[in-house]
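> Before anything else, here's the structure in question.
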Amino acid sequence: MALLQAKFLVNYEEQQAAFEDFLKNFKSSSTETEDALEDLRLDGDGSSDEYDFMDDAEDGATRTRAPRTKSKAKYANMLQDVADRKRSHVLVELDDLKTYEQSLEDDSGLLLVASIEKNAHHYLEIVSRAVDAQLPAATRNETFKDDVLDMIMTQRSKHNEMIQQQLEANGNEAAALSSIFPSALTRRYTLNFKPLTPSGSSSEKSSKALAVRNVRGDHLGHLITVRGITTRVSDVKPSVLVNAYSCDRCGHEIFQPVTTKQYTPLVECTSKDCQENNAKGQLFLSTRASKFLPFQEIKIQEMADQVPVGHIPRQLTIHCHGALCRQVNPGDVVDIAGIFLPTPYTGFKAIKAGLLTDTYLEAQFVHQHKKAYDDMILAPATIQRMTELEQSGQLYEYLSRSIAPEIFGHQDVKKALLLQLIGGVTKEMGDGMRIRGDINVCLMGDPGVAKSQLLKYITKIAPRGVYTTGRGSSGVGLTAAVMRDPVTDEMILEGGALVLADNGICCIDEFDKMDDSDRTAIHEVMEQQTISIAKAGITTTLNARTAILAAANPLYGRYNPRISPVENINLPAALLSRFDVIFLILDTPSRDADEELARHVTYVHIHNAHPEPQGGGIIFSPNEVRQWVARARTYRPVVPKGVSDYLVGAYVRLRQGQKRDEAANKTFTYTSPRTLLGILRLAQALARLRFAGQVINEDIDEALRLVEVSKASLYDDNRDRRGDQSPSTKIFNLIRGMRESGAAATGEGAGEMDMRKVRERVLAKGFTVQQLEACLDEYADLDIWQTASEGTRLVFIEAGDDDMGLDDL
């Protein structure tokens, strides 16, 4: 009785023919548009009514359109580049294949896209055959400048053609087929599939990115997309694709395609000559004639929002070959499309594993979620909107409001965080010395002032943002750990949080809860931006070009105003001096502020959105803020000579102010050259935000104001008596802070200020002209200040001693 014959659900020959037609004739929508424009003949080829001197050419020669130098077919051009050795990677987009399939007849029933999605590994070979059939001849000949492998490939292709001719002439199929090279050996390209792009209204689960724990056994062999964060990337190693052997007796060349992780090398020659003579020729491996592909193993882990409560994140192994290697770095958030395949254990591992099987994802396409700033491409409409808002002069306020708009207040803190995202200019000296441009910020404050929420938001905006907590992080977890690579069995370094945040921001919450031994690992990162490792025979230096954003609580959980700031903030001075800006955020009861805060919080809970800003304004989304920052970081502003002299004077005044504070025993932060560099970085970030190439005095003034605001909050003597919060008092405190920081100083007298700069700063803070004039009159009656030079100067009335200022009034 004959066995039942099962009919194939698909016809592979018809599908391969359809693939060949697709590769040969498919045109994308952009190329069809170009064809339509060419048909309009807009280039003055006789259809225009205007006079053209070429119409009077001699000999009455008729002008014809220049022939096309290149076909408009998308994949035909791609295959021509492969033949000319300009390209080694062929990416077949399933969106194009779906468009091609819809253009066919409805009763064709080829199911090209559906077949690839369900059996992708098999269709890689079928589409590769179609590519081989449609591969055109090269338009240039090989030269001695080409790679040696290219010359061998050319000889192999000619050898195949010669064997095929002998096959047709003699009809000796067995002898001829044994001499033909395997197709995997002669292919100069790697083939991959790009999955369908999910539409906004798509309800199909297969078209959307899956979490690692949602990958099931039903997906085996399917083309799926998995989302995760990269935790480990191995070195790129050569993976054998075809092994070539040469016989020491007959000189025959034998090829062994390798399709699995383990294989048994050939030992005896299987050529016809050795078999007829019953001679067992010994085979020797010929690595030069073999073919290898770059191979890299990647581990991705579930995102934090995909892990259920009480579970640990799951991991998935990704195998990358060919052009997909070196596309992913540790810390990247990626969508990887690939073929879900099993890897059964062999040898002794199979005895130990029993019925268990390991799985992996054969990568086909990699999509980066948060691209680096340098990789972002801005749309023309976005650039036009940027130009319009840039001319308004309110960009600094709008962008600072857009950082965590659901959180009430903290305007100066948000401005400092915006400048931290932009950063200063990193300088490399000729002798190898490096001056960092990243800005480090520390938020010290009472519980419940939304420090952690600010850190989380910054992590979302930054392309490479890592969030960690002090108690949950060890020194090794922050820097690097030495471990054994399971793939190559070598000792490797696995980067910690600071290495993963390279060229990004590392947010460390509960900074005060860290052990002192773990906290010392951050000292080198904050200033030199490197990590020096000497472990297990590995002595190296890793890059950690990251900005640190730390959040901490005071020593007793809540700030105690009755003791000094040094006793409240229990952090070493060597660490605090490395922060460019240190904010103390206090939770002080105030009827007006508490009422506004309560209204803001209840509005967010009711409407699930932030309220509109007072006085109008624009709130940008995190993606838009990222685009603004990306454009700002392309500028490298310089400091002119005049601004440099102004900055020198401001720094000298800061040092004098610190000397007076030390005499009064109320100092906490130490004004050092690091403070000068911090002000310079903030000023460069402000110039970048203006899309300017030079730093101006106003940038220095704003940087000094931010530093003074952050320091004034550390030792504010009026902390426990803030009952008077009238507009006049607020304006007076603002002008007094400008005088202490040196902003708006004219340079003519110790107490003189430029009234124009004072008015601009006060109005920028939301006060009206009437409130400013009322404040000036009120404090002029108290003999605090007076106006001079027809109202263009504001002069403070000093006491008898030069060192006595406003604090003694």
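Please note that chains go A, B, ... in the order of the structure tokens, that every chain numbers its residues from 1, and that ligands are numbered from 1 in the order shown.
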Counting only C-alpha atoms, give me one row per residue of region 308-360 of chain A with an atom at most 6 Å from an atom of region 227-230 of chain A, showing the shortest contact pair and its distance in Å to one decimal, sorted by chain then residue number, as JSON lines.

{"residue": "A:Pro330", "atom": "CA", "partner": "A:Thr230", "partner_atom": "CA", "distance": 5.0}
{"residue": "A:Gly331", "atom": "CA", "partner": "A:Thr230", "partner_atom": "CA", "distance": 5.2}
{"residue": "A:Asp332", "atom": "CA", "partner": "A:Thr230", "partner_atom": "CA", "distance": 5.5}
{"residue": "A:Val333", "atom": "CA", "partner": "A:Ile229", "partner_atom": "CA", "distance": 4.4}
{"residue": "A:Val334", "atom": "CA", "partner": "A:Arg227", "partner_atom": "CA", "distance": 5.9}
{"residue": "A:Asp335", "atom": "CA", "partner": "A:Arg227", "partner_atom": "CA", "distance": 4.4}
> Go ahead and write the selection's residues with all heavy atoms as a tab-separated table (two decimals), in the first residue's frame.

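And here is the file that came out, again26.tsv:
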chain	number	residue	atom	x	y	z
A	330	PRO	N	25.25	48.58	24.54
A	330	PRO	CA	24.58	48.35	25.83
A	330	PRO	C	23.86	49.62	26.29
A	330	PRO	O	24.38	50.72	26.21
A	330	PRO	CB	25.74	47.98	26.77
A	330	PRO	CG	26.80	47.45	25.88
A	330	PRO	CD	26.68	48.19	24.60
A	331	GLY	N	22.64	49.43	26.77
A	331	GLY	CA	21.83	50.55	27.22
A	331	GLY	C	20.84	51.06	26.20
A	331	GLY	O	19.99	51.88	26.54
A	332	ASP	N	20.91	50.59	24.96
A	332	ASP	CA	19.97	51.05	23.93
A	332	ASP	C	18.61	50.39	24.11
A	332	ASP	O	18.51	49.20	24.43
A	332	ASP	CB	20.51	50.71	22.53
A	332	ASP	CG	21.72	51.54	22.17
A	332	ASP	OD1	22.01	52.48	22.91
A	332	ASP	OD2	22.38	51.22	21.17
A	333	VAL	N	17.57	51.17	23.88
A	333	VAL	CA	16.20	50.65	23.85
A	333	VAL	C	15.86	50.37	22.38
A	333	VAL	O	15.85	51.29	21.56
A	333	VAL	CB	15.21	51.64	24.46
A	333	VAL	CG1	13.80	51.09	24.40
A	333	VAL	CG2	15.59	51.94	25.90
A	334	VAL	N	15.61	49.11	22.05
A	334	VAL	CA	15.50	48.71	20.65
A	334	VAL	C	14.26	47.84	20.44
A	334	VAL	O	13.74	47.20	21.35
A	334	VAL	CB	16.75	47.91	20.19
A	334	VAL	CG1	17.96	48.80	20.13
A	334	VAL	CG2	17.01	46.73	21.11
A	335	ASP	N	13.78	47.87	19.21
A	335	ASP	CA	12.82	46.89	18.67
A	335	ASP	C	13.59	46.03	17.69
A	335	ASP	O	14.09	46.55	16.68
A	335	ASP	CB	11.65	47.58	17.96
A	335	ASP	CG	10.62	48.11	18.93
A	335	ASP	OD1	10.80	47.88	20.14
A	335	ASP	OD2	9.66	48.76	18.49
> What's around Ser128 (chain A) at 12 Å? Count only C-alpha atoms, leave out sequence neighbours fewer than 3 positions away in its own chain, and write the answer as a list in words.
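Here the qualifying residues turn out to be Gln16, Phe19, Glu20, Leu23, Leu79, His89, Val90, Leu91, Val92, His121, His122, Tyr123, Leu124, Glu125, Val131, Asp132, Ala133, Gln134, Leu135, Ser183, Ala184, Thr186, Arg187, Arg188, Tyr189, Thr190, Leu191, Asn192 and Phe193 of chain A.
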> Any chance you could export the current selection's N, CA and C atoms as an mmCIF file, in the first residue's frame?

data_model
loop_
_atom_site.group_PDB
_atom_site.id
_atom_site.type_symbol
_atom_site.label_atom_id
_atom_site.label_comp_id
_atom_site.auth_asym_id
_atom_site.auth_seq_id
_atom_site.Cartn_x
_atom_site.Cartn_y
_atom_site.Cartn_z
ATOM 1 N N GLN A 16 8.726 31.738 -6.040
ATOM 2 C CA GLN A 16 10.054 32.200 -6.413
ATOM 3 C C GLN A 16 9.989 33.044 -7.681
ATOM 4 N N PHE A 19 8.793 36.373 -6.657
ATOM 5 C CA PHE A 19 9.876 37.132 -6.016
ATOM 6 C C PHE A 19 10.822 37.707 -7.063
ATOM 7 N N GLU A 20 11.126 36.925 -8.104
ATOM 8 C CA GLU A 20 12.017 37.420 -9.159
ATOM 9 C C GLU A 20 11.395 38.604 -9.884
ATOM 10 N N LEU A 23 11.611 41.658 -7.550
ATOM 11 C CA LEU A 23 12.948 42.253 -7.495
ATOM 12 C C LEU A 23 13.295 42.994 -8.781
ATOM 13 N N LEU A 79 20.416 45.414 -6.464
ATOM 14 C CA LEU A 79 21.144 44.240 -6.936
ATOM 15 C C LEU A 79 22.315 44.640 -7.836
ATOM 16 N N HIS A 89 24.630 44.086 1.516
ATOM 17 C CA HIS A 89 23.449 43.786 2.323
ATOM 18 C C HIS A 89 22.204 44.085 1.509
ATOM 19 N N VAL A 90 21.316 43.116 1.416
ATOM 20 C CA VAL A 90 20.049 43.266 0.704
ATOM 21 C C VAL A 90 18.936 43.207 1.739
ATOM 22 N N LEU A 91 18.181 44.281 1.873
ATOM 23 C CA LEU A 91 17.078 44.361 2.830
ATOM 24 C C LEU A 91 15.764 44.402 2.057
ATOM 25 N N VAL A 92 14.976 43.337 2.176
ATOM 26 C CA VAL A 92 13.682 43.240 1.505
ATOM 27 C C VAL A 92 12.623 43.734 2.488
ATOM 28 N N HIS A 121 12.512 31.564 8.051
ATOM 29 C CA HIS A 121 13.830 30.967 7.862
ATOM 30 C C HIS A 121 13.921 30.242 6.526
ATOM 31 N N HIS A 122 12.857 29.562 6.122
ATOM 32 C CA HIS A 122 12.868 28.848 4.843
ATOM 33 C C HIS A 122 12.832 29.831 3.677
ATOM 34 N N TYR A 123 12.090 30.936 3.846
ATOM 35 C CA TYR A 123 11.960 31.881 2.740
ATOM 36 C C TYR A 123 13.196 32.746 2.565
ATOM 37 N N LEU A 124 14.095 32.762 3.531
ATOM 38 C CA LEU A 124 15.380 33.407 3.295
ATOM 39 C C LEU A 124 16.118 32.742 2.143
ATOM 40 N N GLU A 125 16.069 31.394 2.097
ATOM 41 C CA GLU A 125 16.733 30.669 1.016
ATOM 42 C C GLU A 125 15.996 30.862 -0.308
ATOM 43 N N VAL A 131 17.191 36.247 -5.793
ATOM 44 C CA VAL A 131 18.228 37.274 -5.947
ATOM 45 C C VAL A 131 19.344 36.762 -6.849
ATOM 46 N N ASP A 132 19.745 35.484 -6.652
ATOM 47 C CA ASP A 132 20.780 34.914 -7.507
ATOM 48 C C ASP A 132 20.356 34.904 -8.971
ATOM 49 N N ALA A 133 19.052 34.624 -9.198
ATOM 50 C CA ALA A 133 18.570 34.553 -10.580
ATOM 51 C C ALA A 133 18.518 35.931 -11.227
ATOM 52 N N GLN A 134 18.224 36.967 -10.425
ATOM 53 C CA GLN A 134 18.078 38.319 -10.968
ATOM 54 C C GLN A 134 19.334 39.162 -10.834
ATOM 55 N N LEU A 135 20.408 38.583 -10.290
ATOM 56 C CA LEU A 135 21.625 39.360 -10.087
ATOM 57 C C LEU A 135 22.232 39.719 -11.441
ATOM 58 N N SER A 183 25.848 27.417 -3.233
ATOM 59 C CA SER A 183 25.387 28.786 -3.495
ATOM 60 C C SER A 183 25.748 29.722 -2.351
ATOM 61 N N ALA A 184 25.786 29.201 -1.114
ATOM 62 C CA ALA A 184 26.132 30.059 0.026
ATOM 63 C C ALA A 184 27.558 30.567 -0.066
ATOM 64 N N THR A 186 29.177 31.430 -2.979
ATOM 65 C CA THR A 186 29.353 32.411 -4.056
ATOM 66 C C THR A 186 28.533 33.676 -3.851
ATOM 67 N N ARG A 187 27.709 33.716 -2.836
ATOM 68 C CA ARG A 187 26.891 34.911 -2.605
ATOM 69 C C ARG A 187 27.735 35.976 -1.906
ATOM 70 N N ARG A 188 27.727 37.166 -2.491
ATOM 71 C CA ARG A 188 28.495 38.267 -1.917
ATOM 72 C C ARG A 188 27.621 39.158 -1.032
ATOM 73 N N TYR A 189 26.489 38.691 -0.594
ATOM 74 C CA TYR A 189 25.545 39.540 0.135
ATOM 75 C C TYR A 189 24.909 38.736 1.266
ATOM 76 N N THR A 190 24.337 39.455 2.190
ATOM 77 C CA THR A 190 23.479 38.864 3.215
ATOM 78 C C THR A 190 22.072 39.419 3.016
ATOM 79 N N LEU A 191 21.084 38.573 3.197
ATOM 80 C CA LEU A 191 19.683 38.933 2.948
ATOM 81 C C LEU A 191 18.929 38.987 4.269
ATOM 82 N N ASN A 192 18.136 40.050 4.435
ATOM 83 C CA ASN A 192 17.299 40.196 5.627
ATOM 84 C C ASN A 192 15.945 40.737 5.235
ATOM 85 N N PHE A 193 14.968 40.497 6.116
ATOM 86 C CA PHE A 193 13.612 40.992 5.925
ATOM 87 C C PHE A 193 13.342 42.125 6.912
#
> Near Leu111 (chain A), counting only C-alpha atoms, which residues have an atom at most 10 Å away, once you skip same-chain residues fewer than 2 positions from it, shown as a ChimeraX atom specification?
/A:10,15,98,101,108-109,113-116
> Keeping only C-alpha atoms, write those residues as a PDB file, in the first residue's frame.

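Printed below is part-v4.pdb as written:
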ATOM      1  CA  VAL A  10       1.987  26.722  -1.323  1.00  0.00           C
ATOM      2  CA  GLN A  15       6.419  32.101  -5.335  1.00  0.00           C
ATOM      3  CA  LYS A  98       2.685  43.822   0.314  1.00  0.00           C
ATOM      4  CA  GLU A 101       1.142  41.659  -3.882  1.00  0.00           C
ATOM      5  CA  SER A 108      -3.280  34.588  -7.585  1.00  0.00           C
ATOM      6  CA  GLY A 109      -3.264  33.202  -4.036  1.00  0.00           C
ATOM      7  CA  VAL A 113       3.905  38.257   2.920  1.00  0.00           C
ATOM      8  CA  ALA A 114       1.931  35.815   5.046  1.00  0.00           C
ATOM      9  CA  SER A 115       4.215  32.936   4.048  1.00  0.00           C
ATOM     10  CA  ILE A 116       7.342  34.881   4.978  1.00  0.00           C
TER      11      ILE A 116
END
> Neighbours of region 640-651 of chain A within 12 Å (only C-alpha atoms; same-chain residues fewer than 6 positions away dropped), as number ranges by chain?
A: 657-658, 671-680, 683-684, 693-705, 707-708, 738-747, 750
> Out of region 187-281 of chain A, which residues get strand (DSSP E or B) from DSSP, as number ranges by chain?
A: 190-194, 210, 223-233, 237-247, 253-257, 268
> Counting only C-alpha atoms, what is within 12 Å of region 304-307 of chain A, bar same-chain residues fewer than 4 positions away, as an NGL selection string?
:A and (209-214 or 226-229 or 311-315 or 333 or 466-468)
> Between A:Ala632, A:Val425, A:Ala73, A:Phe365, which has the minimum distance to Leu94 (chain A) (counting only C-alpha atoms)?
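Looking at the shortest contact to Leu94 (chain A), the residue is A:Phe365.
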> Quick one: everything within 9 Å of region 235-244 of chain A, counting only C-alpha atoms, minus sequence neighbours fewer than 6 positions away in the same chain. Send it as a list in words.
Pro182, Ala184, Leu185, Glu253, Ile254, Phe255, Gln256, Pro257, Val258, Thr259, Pro265, Phe284, Leu285, Ser286, Thr287, Arg288, Ala289, Ser290, Lys291, Phe292, Leu293, Pro294, Phe295, Gln296, Glu297, His321, Cys325, Arg326 and Thr488 of chain A
> Counting only C-alpha atoms, which residue out of A:Ile797, A:Met753, A:Ala76, A:Val638 sits closest to Lys427 (chain A)?
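Among the listed residues, A:Val638 lies closest to Lys427 (chain A).
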